[in-house]
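Next comes start_36.tsv, with TSV, C-alpha atoms.
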```tsv
chain	number	residue	atom	x	y	z
P	29	MET	CA	85.17	-81.04	59.35
P	30	SER	CA	85.24	-81.25	55.56
P	31	ARG	CA	88.92	-80.27	55.54
P	32	VAL	CA	89.74	-82.86	58.19
P	33	TRP	CA	87.90	-85.45	56.11
P	34	LEU	CA	89.86	-84.56	52.96
P	35	ILE	CA	93.20	-84.83	54.79
P	36	MET	CA	92.10	-88.10	56.41
P	37	LYS	CA	91.01	-89.52	53.04
P	38	ARG	CA	94.30	-88.53	51.39
P	39	GLU	CA	96.36	-90.02	54.23
P	40	TYR	CA	94.38	-93.27	54.15
P	41	LEU	CA	94.50	-93.77	50.37
P	42	GLU	CA	98.16	-92.83	50.21
P	43	ASN	CA	99.02	-95.63	52.63
P	44	VAL	CA	96.67	-98.44	51.56
P	45	ARG	CA	97.76	-98.11	47.91
P	46	THR	CA	101.40	-98.80	48.71
P	47	LYS	CA	103.12	-102.15	48.22
P	48	ALA	CA	104.24	-102.05	51.85
P	49	PHE	CA	100.60	-102.14	52.98
P	50	LEU	CA	99.80	-105.15	50.81
P	51	ILE	CA	102.96	-106.94	51.93
P	52	GLY	CA	102.15	-106.29	55.58
P	53	LEU	CA	98.57	-107.44	55.04
P	54	VAL	CA	99.77	-110.81	53.77
P	55	LEU	CA	103.00	-111.37	55.67
P	56	THR	CA	101.70	-110.63	59.18
P	57	PRO	CA	99.22	-113.56	59.25
P	58	VAL	CA	101.89	-115.74	57.62
P	59	TRP	CA	104.38	-114.73	60.32
P	60	MET	CA	101.87	-115.47	63.09
P	61	GLY	CA	101.17	-118.86	61.53
P	62	LEU	CA	104.88	-119.66	61.39
P	63	VAL	CA	105.16	-118.84	65.11
P	64	PHE	CA	103.01	-121.92	65.77
P	65	LEU	CA	104.10	-124.02	62.79
P	66	VAL	CA	107.89	-123.85	63.15
P	67	PRO	CA	107.99	-125.31	66.71
P	68	ALA	CA	105.74	-128.15	65.52
P	69	LEU	CA	108.04	-128.87	62.58
P	70	ALA	CA	111.08	-128.73	64.86
P	71	LYS	CA	109.41	-131.23	67.17
P	72	GLU	CA	108.84	-133.55	64.24
P	73	THR	CA	112.60	-133.74	63.66
P	74	SER	CA	113.79	-133.91	67.29
P	75	LYS	CA	117.13	-135.65	67.75
P	76	SER	CA	118.00	-138.69	69.84
P	77	GLU	CA	119.40	-137.70	73.23
P	78	ARG	CA	122.24	-139.55	74.96
P	79	VAL	CA	121.47	-140.59	78.54
P	80	VAL	CA	124.20	-141.78	80.93
P	81	ILE	CA	122.63	-143.82	83.75
P	82	VAL	CA	124.76	-144.13	86.88
P	83	ASP	CA	123.06	-147.17	88.42
P	84	GLU	CA	124.16	-147.59	92.03
P	85	THR	CA	121.13	-149.79	92.77
P	86	GLY	CA	122.12	-152.62	90.45
P	87	VAL	CA	118.47	-153.38	89.66
P	88	LEU	CA	116.86	-150.24	88.21
P	89	GLY	CA	119.22	-149.59	85.30
P	90	ALA	CA	118.16	-152.45	83.01
P	91	PRO	CA	114.37	-151.93	83.29
P	92	LEU	CA	114.89	-148.19	82.83
P	93	VAL	CA	116.83	-148.83	79.63
P	94	ARG	CA	113.96	-151.00	78.36
P	95	GLU	CA	111.48	-148.25	79.25
P	96	LEU	CA	113.51	-145.58	77.45
P	97	GLU	CA	113.92	-147.77	74.36
P	98	LYS	CA	110.11	-147.75	73.98
P	99	LEU	CA	110.11	-143.97	73.46
P	100	ARG	CA	110.35	-142.84	69.83
P	101	THR	CA	110.54	-139.50	68.04
P	102	PRO	CA	107.74	-138.51	65.62
P	103	ASP	CA	109.95	-139.66	62.73
P	104	ASP	CA	110.32	-143.10	64.44
P	105	ARG	CA	113.85	-142.75	65.78
P	106	PRO	CA	114.91	-143.59	69.34
P	107	ARG	CA	114.06	-140.68	71.64
P	108	PHE	CA	116.91	-141.56	74.01
P	109	LEU	CA	120.16	-143.49	73.70
P	110	PRO	CA	120.76	-144.90	77.20
P	111	GLU	CA	124.03	-146.33	78.52
P	112	ILE	CA	124.63	-147.73	82.02
P	113	VAL	CA	127.55	-146.93	84.31
P	114	ALA	CA	127.60	-149.11	87.44
P	115	ARG	CA	129.13	-146.52	89.74
P	116	ALA	CA	130.90	-143.19	89.21
P	117	GLY	CA	133.50	-141.68	91.49
P	118	ALA	CA	133.42	-138.05	92.54
P	119	GLY	CA	135.74	-137.01	89.70
P	120	THR	CA	133.85	-138.98	87.07
P	121	LEU	CA	130.49	-137.65	88.27
P	122	ALA	CA	131.82	-134.09	88.12
P	123	GLU	CA	132.94	-134.69	84.52
P	124	LEU	CA	129.53	-136.10	83.65
P	125	GLN	CA	127.84	-133.05	85.16
P	126	VAL	CA	130.01	-130.78	83.00
P	127	ALA	CA	129.02	-132.81	79.93
P	128	ALA	CA	125.36	-132.50	80.96
P	129	GLY	CA	125.68	-128.75	81.41
P	130	GLN	CA	127.19	-128.46	77.93
P	131	GLY	CA	124.31	-130.42	76.40
P	132	ASP	CA	126.35	-133.49	75.43
P	133	ALA	CA	124.22	-135.89	77.49
P	134	PHE	CA	121.69	-136.28	80.27
P	135	VAL	CA	123.11	-137.75	83.46
P	136	LEU	CA	120.81	-139.83	85.65
P	137	VAL	CA	122.03	-140.95	89.07
P	138	LEU	CA	120.05	-143.81	90.63
P	139	THR	CA	120.94	-144.32	94.30
P	140	PRO	CA	119.77	-147.14	96.64
P	141	SER	CA	117.39	-144.73	98.37
P	142	LEU	CA	115.03	-145.22	95.40
P	143	LEU	CA	114.51	-148.81	96.54
P	144	ASP	CA	113.22	-147.63	99.91
P	145	ASN	CA	109.64	-146.62	100.50
P	146	LYS	CA	110.77	-143.29	101.97
P	147	ARG	CA	113.14	-142.56	99.08
P	148	ALA	CA	115.43	-140.63	101.40
P	149	PRO	CA	119.24	-141.01	100.93
P	150	GLY	CA	120.99	-143.00	103.65
P	151	VAL	CA	124.05	-141.96	105.63
P	152	GLY	CA	126.93	-141.17	103.28
P	153	GLU	CA	124.71	-141.72	100.27
P	154	GLY	CA	124.00	-139.13	97.61
P	155	ALA	CA	120.48	-138.25	96.59
P	156	PRO	CA	119.16	-139.47	93.22
P	157	ALA	CA	119.46	-136.77	90.57
P	158	LEU	CA	118.85	-135.96	86.93
P	159	TYR	CA	121.19	-133.47	85.24
P	160	GLY	CA	120.95	-131.70	81.92
P	161	THR	CA	121.43	-128.31	80.32
P	162	SER	CA	119.09	-125.44	81.25
P	163	GLY	CA	117.65	-125.02	77.74
P	164	VAL	CA	113.91	-125.20	77.15
P	165	GLY	CA	114.17	-128.28	74.92
P	166	ALA	CA	116.32	-130.08	77.51
P	167	MET	CA	113.80	-129.31	80.24
P	168	GLU	CA	111.04	-130.89	78.13
P	169	ALA	CA	113.18	-134.01	77.61
P	170	GLY	CA	114.01	-133.97	81.33
P	171	ARG	CA	110.32	-134.18	82.22
P	172	THR	CA	109.99	-137.21	79.94
P	173	LEU	CA	112.93	-138.84	81.71
P	174	GLU	CA	111.38	-138.07	85.10
P	175	THR	CA	108.18	-139.84	84.04
P	176	ALA	CA	110.12	-142.89	82.84
P	177	VAL	CA	112.10	-143.12	86.10
P	178	ASN	CA	108.91	-142.82	88.16
P	179	LEU	CA	107.30	-145.65	86.20
P	180	VAL	CA	110.29	-147.95	86.70
P	181	VAL	CA	110.72	-147.18	90.40
P	182	ASN	CA	106.99	-147.55	91.09
P	183	ALA	CA	106.94	-150.87	89.21
P	184	HIS	CA	109.85	-152.08	91.37
P	185	LEU	CA	108.07	-151.10	94.58
P	186	VAL	CA	104.84	-152.76	93.40
P	187	GLU	CA	106.72	-156.00	92.75
P	188	LYS	CA	108.70	-155.76	96.01
P	189	HIS	CA	105.58	-155.36	98.16
P	190	HIS	CA	103.46	-157.83	96.14
P	191	VAL	CA	100.79	-155.25	95.33
P	192	ASP	CA	97.82	-156.54	93.33
P	193	PRO	CA	98.45	-155.72	89.61
P	194	GLU	CA	95.00	-154.17	89.20
P	195	VAL	CA	95.58	-151.90	92.18
P	196	ALA	CA	99.01	-150.96	90.81
P	197	VAL	CA	97.51	-149.99	87.45
P	198	ALA	CA	94.83	-147.93	89.19
P	199	LEU	CA	97.43	-146.12	91.28
P	200	LEU	CA	99.34	-145.09	88.19
P	201	LYS	CA	96.27	-143.53	86.57
P	202	PRO	CA	95.25	-139.95	87.46
P	203	ALA	CA	92.15	-139.71	89.64
P	204	VAL	CA	90.78	-136.63	87.82
P	205	ARG	CA	91.74	-134.52	84.81
P	206	TYR	CA	91.47	-130.75	84.70
P	207	THR	CA	89.12	-129.27	82.09
P	208	GLY	CA	89.07	-125.54	81.38
P	209	LEU	CA	85.63	-124.05	80.69
P	210	THR	CA	84.44	-120.83	79.10
P	211	ALA	CA	82.10	-118.38	80.82
P	212	ASP	CA	79.17	-120.28	79.22
P	213	GLY	CA	80.27	-123.55	80.80
P	214	GLU	CA	81.57	-125.00	77.53
P	215	ARG	CA	84.93	-126.68	77.07
P	216	GLY	CA	87.56	-123.97	76.51
P	217	GLY	CA	90.78	-125.75	75.73
P	218	ALA	CA	94.13	-124.28	74.76
P	219	ALA	CA	92.58	-121.72	72.37
P	220	GLN	CA	90.74	-120.04	75.25
P	221	ALA	CA	93.95	-119.97	77.30
P	222	ILE	CA	95.98	-118.14	74.64
P	223	ALA	CA	93.13	-115.84	73.51
P	224	PRO	CA	94.19	-113.01	75.92
P	225	PHE	CA	97.74	-113.00	74.56
P	226	LEU	CA	96.61	-113.10	70.93
P	227	THR	CA	94.20	-110.23	71.58
P	228	MET	CA	96.95	-108.19	73.20
P	229	MET	CA	99.39	-108.88	70.36
P	230	LEU	CA	96.80	-107.95	67.73
P	231	LEU	CA	96.09	-104.65	69.48
P	232	PHE	CA	99.80	-103.98	69.92
P	233	MET	CA	100.50	-104.46	66.21
P	234	GLY	CA	97.48	-102.39	65.23
P	235	ILE	CA	98.20	-99.51	67.60
P	236	VAL	CA	101.95	-99.29	68.15
P	237	GLY	CA	103.03	-100.78	64.83
P	238	ILE	CA	100.70	-98.74	62.63
P	239	SER	CA	100.92	-95.46	64.57
P	240	GLN	CA	104.67	-95.33	63.92
P	241	MET	CA	103.80	-94.54	60.32
P	242	LEU	CA	102.91	-91.06	61.57
P	243	ILE	CA	106.54	-90.36	62.42
P	244	SER	CA	107.91	-91.12	58.95
P	245	SER	CA	104.95	-89.43	57.25
P	246	THR	CA	105.29	-86.25	59.32
P	247	LEU	CA	109.06	-86.10	58.85
P	248	GLU	CA	108.78	-86.61	55.10
P	249	GLU	CA	106.20	-83.87	54.62
P	250	LYS	CA	108.03	-81.53	56.97
P	251	ALA	CA	111.27	-81.97	54.99
P	252	SER	CA	109.50	-81.26	51.69
P	253	ARG	CA	107.91	-78.08	53.14
P	254	VAL	CA	104.44	-79.35	52.23
P	255	TYR	CA	103.08	-78.12	55.56
P	256	GLU	CA	103.89	-74.51	54.73
P	257	VAL	CA	101.46	-74.76	51.80
P	258	LEU	CA	98.80	-76.75	53.64
P	259	LEU	CA	98.73	-74.38	56.61
P	260	SER	CA	97.57	-71.61	54.33
P	261	SER	CA	94.25	-73.49	53.96
P	262	VAL	CA	93.83	-75.49	57.18
P	263	SER	CA	94.65	-75.02	60.85
P	264	PRO	CA	97.43	-77.05	62.51
P	265	PHE	CA	94.85	-78.98	64.53
P	266	GLN	CA	92.82	-79.88	61.42
P	267	LEU	CA	96.01	-81.04	59.69
P	268	MET	CA	97.07	-83.16	62.66
P	269	ALA	CA	93.57	-84.58	63.18
P	270	GLY	CA	93.28	-85.58	59.51
P	271	LYS	CA	96.64	-87.35	59.56
P	272	VAL	CA	95.94	-89.19	62.82
P	273	LEU	CA	92.45	-90.30	61.73
P	274	GLY	CA	93.74	-91.39	58.31
P	275	ILE	CA	96.42	-93.63	59.82
P	276	CYS	CA	93.87	-94.86	62.38
P	277	ALA	CA	91.65	-95.96	59.49
P	278	VAL	CA	94.62	-97.80	57.94
P	279	GLY	CA	95.15	-99.72	61.17
P	280	PHE	CA	91.41	-100.37	61.43
P	281	THR	CA	91.44	-101.86	57.93
P	282	LEU	CA	94.35	-104.17	58.76
P	283	LEU	CA	92.84	-105.26	62.07
P	284	GLY	CA	89.48	-105.87	60.43
P	285	LEU	CA	90.99	-108.13	57.77
P	286	TRP	CA	93.29	-109.97	60.20
P	287	SER	CA	90.58	-110.43	62.83
P	288	GLY	CA	88.00	-111.47	60.26
P	289	GLY	CA	90.31	-114.10	58.85
P	290	GLY	CA	91.12	-115.33	62.35
P	291	LEU	CA	87.45	-115.61	63.31
P	292	VAL	CA	86.65	-117.53	60.12
P	293	ALA	CA	89.53	-119.92	60.81
P	294	ALA	CA	88.38	-120.36	64.42
P	295	SER	CA	84.82	-121.04	63.27
P	296	MET	CA	86.05	-123.70	60.84
P	297	GLN	CA	87.80	-125.39	63.79
P	298	GLY	CA	84.60	-125.39	65.85
P	299	LEU	CA	85.67	-122.46	68.04
P	300	SER	CA	82.94	-120.01	67.04
P	301	GLY	CA	82.17	-119.22	70.69
P	302	LEU	CA	85.75	-118.19	71.45
P	303	VAL	CA	84.95	-114.47	70.95
P	304	THR	CA	81.65	-112.83	71.87
P	305	GLY	CA	79.99	-109.82	70.28
P	306	THR	CA	80.63	-107.76	73.42
P	307	GLN	CA	84.34	-108.51	73.21
P	308	VAL	CA	84.41	-107.37	69.58
P	309	LEU	CA	82.77	-104.05	70.46
P	310	LEU	CA	85.15	-103.54	73.38
P	311	PHE	CA	88.07	-104.40	71.11
P	312	LEU	CA	87.02	-101.63	68.71
P	313	ALA	CA	86.55	-99.12	71.54
P	314	TYR	CA	89.94	-99.83	73.11
P	315	TYR	CA	91.58	-99.78	69.68
P	316	VAL	CA	90.24	-96.35	68.70
P	317	LEU	CA	90.97	-94.70	72.05
P	318	GLY	CA	94.32	-96.45	72.41
P	319	PHE	CA	95.37	-95.55	68.89
P	320	LEU	CA	94.53	-91.87	69.34
P	321	LEU	CA	96.46	-91.82	72.62
P	322	ILE	CA	99.61	-93.45	71.19
P	323	ALA	CA	99.29	-91.58	67.88
P	324	SER	CA	99.41	-88.28	69.76
P	325	LEU	CA	102.88	-89.26	71.02
P	326	MET	CA	104.02	-90.32	67.55
P	327	VAL	CA	102.85	-87.20	65.76
P	328	SER	CA	104.44	-85.02	68.45
P	329	VAL	CA	107.78	-86.75	67.97
P	330	GLY	CA	107.55	-86.49	64.18
P	331	SER	CA	106.71	-82.78	64.24
P	332	ALA	CA	109.39	-81.88	66.80
P	333	CYS	CA	112.24	-83.59	64.90
P	334	ASN	CA	113.88	-82.95	61.57
P	335	THR	CA	115.45	-86.32	60.75
P	336	LEU	CA	114.61	-89.95	61.38
P	337	LYS	CA	117.71	-90.33	63.57
P	338	GLU	CA	116.50	-87.51	65.87
P	339	ALA	CA	113.07	-89.14	66.06
P	340	GLN	CA	114.58	-92.54	66.95
P	341	ASN	CA	116.56	-91.02	69.80
P	342	LEU	CA	113.44	-89.31	71.14
P	343	MET	CA	111.36	-92.48	70.67
P	344	ALA	CA	113.72	-94.74	72.64
P	345	PRO	CA	112.18	-94.14	76.11
P	346	ILE	CA	108.66	-94.07	74.64
P	347	SER	CA	109.26	-97.45	72.98
P	348	LEU	CA	110.35	-98.95	76.29
P	349	LEU	CA	107.18	-97.63	77.91
P	350	LEU	CA	104.94	-99.02	75.16
P	351	ALA	CA	106.61	-102.46	75.31
P	352	MET	CA	105.89	-102.88	79.02
P	353	PRO	CA	102.38	-104.39	78.56
P	354	LEU	CA	103.98	-107.32	76.71
P	355	MET	CA	106.38	-107.78	79.63
P	356	PHE	CA	103.43	-108.00	82.03
P	357	ALA	CA	101.32	-110.25	79.77
P	358	LEU	CA	102.10	-113.50	81.58
P	359	VAL	CA	101.38	-111.99	85.01
P	360	VAL	CA	98.03	-110.64	83.83
P	361	MET	CA	97.06	-113.94	82.18
P	362	ARG	CA	97.86	-115.90	85.34
P	363	ASP	CA	95.74	-113.69	87.59
P	364	PRO	CA	93.61	-111.32	85.45
P	365	ASN	CA	91.73	-109.96	88.45
P	366	GLY	CA	94.65	-109.71	90.85
P	367	THR	CA	95.74	-106.40	92.35
P	368	PHE	CA	98.80	-106.11	90.10
P	369	ALA	CA	96.83	-106.69	86.87
P	370	THR	CA	93.99	-104.42	87.96
P	371	VAL	CA	96.23	-101.48	88.87
P	372	LEU	CA	98.30	-101.75	85.67
P	373	SER	CA	95.21	-101.92	83.47
P	374	PHE	CA	94.19	-98.47	84.76
P	375	VAL	CA	97.49	-96.87	83.66
P	376	PRO	CA	96.41	-95.10	80.41
P	377	PRO	CA	99.25	-96.21	78.05
P	378	PHE	CA	98.71	-99.83	79.19
P	379	THR	CA	94.91	-99.77	79.41
P	380	PRO	CA	93.98	-100.88	75.84
P	381	PHE	CA	96.28	-103.89	75.90
P	382	LEU	CA	95.88	-105.12	79.48
P	383	MET	CA	92.14	-104.48	79.73
P	384	MET	CA	91.48	-106.44	76.53
P	385	ALA	CA	93.67	-109.24	77.84
P	386	ARG	CA	91.55	-109.27	81.01
P	387	VAL	CA	88.29	-109.06	79.04
P	388	SER	CA	89.40	-112.08	76.95
P	389	SER	CA	90.29	-114.05	80.08
P	390	VAL	CA	87.99	-116.28	82.10
P	391	PRO	CA	86.80	-114.96	84.47
P	392	GLY	CA	86.72	-111.44	83.07
P	393	PRO	CA	87.08	-108.23	85.08
P	394	PRO	CA	84.23	-106.88	87.26
P	395	ALA	CA	81.60	-105.13	85.16
P	396	TRP	CA	82.27	-101.66	86.60
P	397	GLN	CA	85.95	-101.70	85.64
P	398	ILE	CA	85.26	-101.76	81.90
P	399	PRO	CA	83.36	-98.43	81.64
P	400	ALA	CA	85.68	-96.92	84.28
P	401	SER	CA	88.76	-97.83	82.23
P	402	LEU	CA	87.15	-96.55	79.02
P	403	LEU	CA	86.30	-93.24	80.69
P	404	LEU	CA	89.83	-92.85	82.06
P	405	LEU	CA	91.28	-93.72	78.67
P	406	ALA	CA	88.98	-91.26	76.88
P	407	VAL	CA	89.97	-88.40	79.23
P	408	SER	CA	93.66	-89.27	78.87
P	409	THR	CA	93.33	-89.41	75.08
P	410	TYR	CA	91.62	-86.00	75.00
P	411	LEU	CA	94.38	-84.41	77.08
P	412	ALA	CA	97.12	-86.11	75.04
P	413	LEU	CA	95.62	-84.87	71.77
P	414	ARG	CA	95.42	-81.32	73.09
P	415	LEU	CA	99.06	-81.37	74.19
P	416	ALA	CA	100.09	-83.00	70.89
P	417	ALA	CA	98.29	-80.26	68.96
P	418	ARG	CA	100.35	-77.62	70.77
P	419	VAL	CA	103.60	-79.40	69.96
P	420	PHE	CA	102.52	-80.03	66.37
P	421	ARG	CA	101.52	-76.40	65.84
P	422	VAL	CA	105.04	-75.16	66.65
P	423	GLY	CA	107.14	-78.16	65.64
P	424	ILE	CA	106.09	-78.47	61.99
P	425	LEU	CA	107.48	-75.01	61.24
P	426	MET	CA	110.70	-75.43	63.26
P	427	TYR	CA	113.88	-76.36	61.43
P	428	GLY	CA	117.55	-76.65	62.34
P	429	GLN	CA	118.62	-78.04	65.71
P	430	PRO	CA	116.13	-80.44	67.35
P	431	PRO	CA	114.36	-78.95	70.37
P	432	ARG	CA	115.28	-80.02	73.88
P	433	LEU	CA	112.75	-81.63	76.17
P	434	LYS	CA	112.53	-78.41	78.20
P	435	GLU	CA	111.56	-76.52	75.07
P	436	ILE	CA	108.95	-79.11	74.08
P	437	TRP	CA	107.50	-78.87	77.59
P	438	ARG	CA	107.21	-75.11	77.11
P	439	TRP	CA	105.31	-75.66	73.85
P	440	MET	CA	102.84	-77.93	75.64
P	441	ARG	CA	102.23	-75.35	78.34
P	442	THR	CA	101.51	-72.60	75.79
P	443	PRO	CA	97.74	-72.42	75.00
```
Would you mind writing the file's structure down as structure tokens?
Amino acid sequence: MSRVWLIMKREYLENVRTKAFLIGLVLTPVWMGLVFLVPALAKETSKSERVVIVDETGVLGAPLVRELEKLRTPDDRPRFLPEIVARAGAGTLAELQVAAGQGDAFVLVLTPSLLDNKRAPGVGEGAPALYGTSGVGAMEAGRTLETAVNLVVNAHLVEKHHVDPEVAVALLKPAVRYTGLTADGERGGAAQAIAPFLTMMLLFMGIVGISQMLISSTLEEKASRVYEVLLSSVSPFQLMAGKVLGICAVGFTLLGLWSGGGLVAASMQGLSGLVTGTQVLLFLAYYVLGFLLIASLMVSVGSACNTLKEAQNLMAPISLLLAMPLMFALVVMRDPNGTFATVLSFVPPFTPFLMMARVSSVPGPPAWQIPASLLLLAVSTYLALRLAARVFRVGILMYGQPPRLKEIWRWMRTP
């Protein structure tokens, strides 16, 4: 164990003393902050949108224009620039739809059916419609336009049917408002909703991002023939174990600093109950087991290849596999205890990420699934490390042409 410790210590110090480590330590939280800051800044400088109103009713266009003129951007500019067209023929409407699809304007068609209680188009009459481009920003503006149209149409119906003003105001107000709660019955808010995704991303950066350092480190030392000297004093397994544990400690250091800073920031915002002590312990357990599992793949690739290009080609399918938990993140967050999320969280390469996302969700997974997933992950990690040790033992002394997958499989089968 003393030799493993020495290799681990060397690997750890060699990485944390580099400028790249310090840059990553600072830039990663800055990057995550910009992910939330940039959209807010972009919203502050949103542009005024042109709205073409095809008013076939003759009565809704003017009040709708007045309603839209009340809306302002955060920098106090008009949110919309409305213009009324009394009626558009088929050709003109088609041209307007093309302009809407290209993002030049929103097109709002108000038909007489809006004046009817049923709001159903009459014979030979088109249905009311709102057109715009399919971009995310346009959809957000479209929802604002929908709200404005609903207010104007409802106000017209209230006036038409002589509804009491107090009743009309009450009808426009929501009867109840949804409030998300934590497992302790406290108000959760948006922070609780995005906690599963942030936890998954933090684990992904700490496991997949950091473990890739093993590939470059193994390739560099293999090219310099350092292993031929080291193997005269240590066994291949001790060498591999020291390297994996050293890089694991590097990732642990980064995660500790990032998570600590995040928890302090959350506490300053009054969100100290967002993460429990049990979740922190589970985070550490899933990180260690998940890192050792993924690191076994990385060190196998690094030892079996001779150049970075060969390693990238071999890593391509593995990278696609490791990115799949992020693809399933939204599904898991929507229904953390559904069949789909439960089954995927018991697939070993996905277990650390998806199980922590489920643990951070409300409600969390059934109590028995947590130890069961940890046991399955531990067994999978043990088997992966044994197979990686067999590949590492042969690969670090192999030079020349890169081995084929069939040959690597033969190495893994050799005790």
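For the residues P:Ala332, P:Leu92, P:Leu230, P:Leu273, ranking by smallest atom-to-atom distance to Ala251 in chain P using all atoms listed in the file places P:Ala332 first.
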Proximity to Ala169 in chain P - best of P:Ile51, P:Ile436, P:Val79, P:Leu404, all atoms listed in the file: P:Val79
Near range 419-426 of chain P, counting only C-alpha atoms, which residues have an atom at most 8 Å away, once you skip same-chain residues fewer than 2 positions from it, shown as a list in words? Lys250, Tyr255, Glu256, Pro264, Phe265, Met268, Val327, Ser328, Ser331, Ala332, Cys333, Leu415, Ala416, Ala417, Gly428, Ile436, Trp439 and Met440 of chain P
Among the residues P:Leu258, P:Met228, P:Ala369, P:Ile398, the one that comes closest to Phe381 in chain P [using only C-alpha atoms]: P:Met228
For Leu354 in chain P, work out the shell of residues within 9 Å, counting only C-alpha atoms and skipping chain neighbours fewer than 3 positions away, then give it as a PyMOL selection string. chain P and resi 225+228-229+232+350-351+357-358+381-382
Point (103.2, -90.2, 64.8), cut-off 7 Å, counting all atoms listed in the file, residues as a short mmCIF file (atom, residue, chain, number, x, y, z; two decimals) with C-alpha atoms, in the coordinates of the input:
```cif
data_model
loop_
_atom_site.label_atom_id
_atom_site.label_comp_id
_atom_site.auth_asym_id
_atom_site.auth_seq_id
_atom_site.Cartn_x
_atom_site.Cartn_y
_atom_site.Cartn_z
CA SER P 239 100.92 -95.46 64.57
CA GLN P 240 104.67 -95.33 63.92
CA MET P 241 103.80 -94.54 60.32
CA LEU P 242 102.91 -91.06 61.57
CA ILE P 243 106.54 -90.36 62.42
CA ALA P 323 99.29 -91.58 67.88
CA SER P 324 99.41 -88.28 69.76
CA LEU P 325 102.88 -89.26 71.02
CA MET P 326 104.02 -90.32 67.55
CA VAL P 327 102.85 -87.20 65.76
CA SER P 328 104.44 -85.02 68.45
CA VAL P 329 107.78 -86.75 67.97
CA GLY P 330 107.55 -86.49 64.18
#
```
So which one's closest to Gly129 in chain P, P:Leu402, P:Leu285, P:Ile275, P:Ala166? Using all atoms listed in the file, please. P:Ala166
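A straight line drawn from CA of Trp286 in chain P to CA of Tyr315 in chain P is 14.0 Å long.
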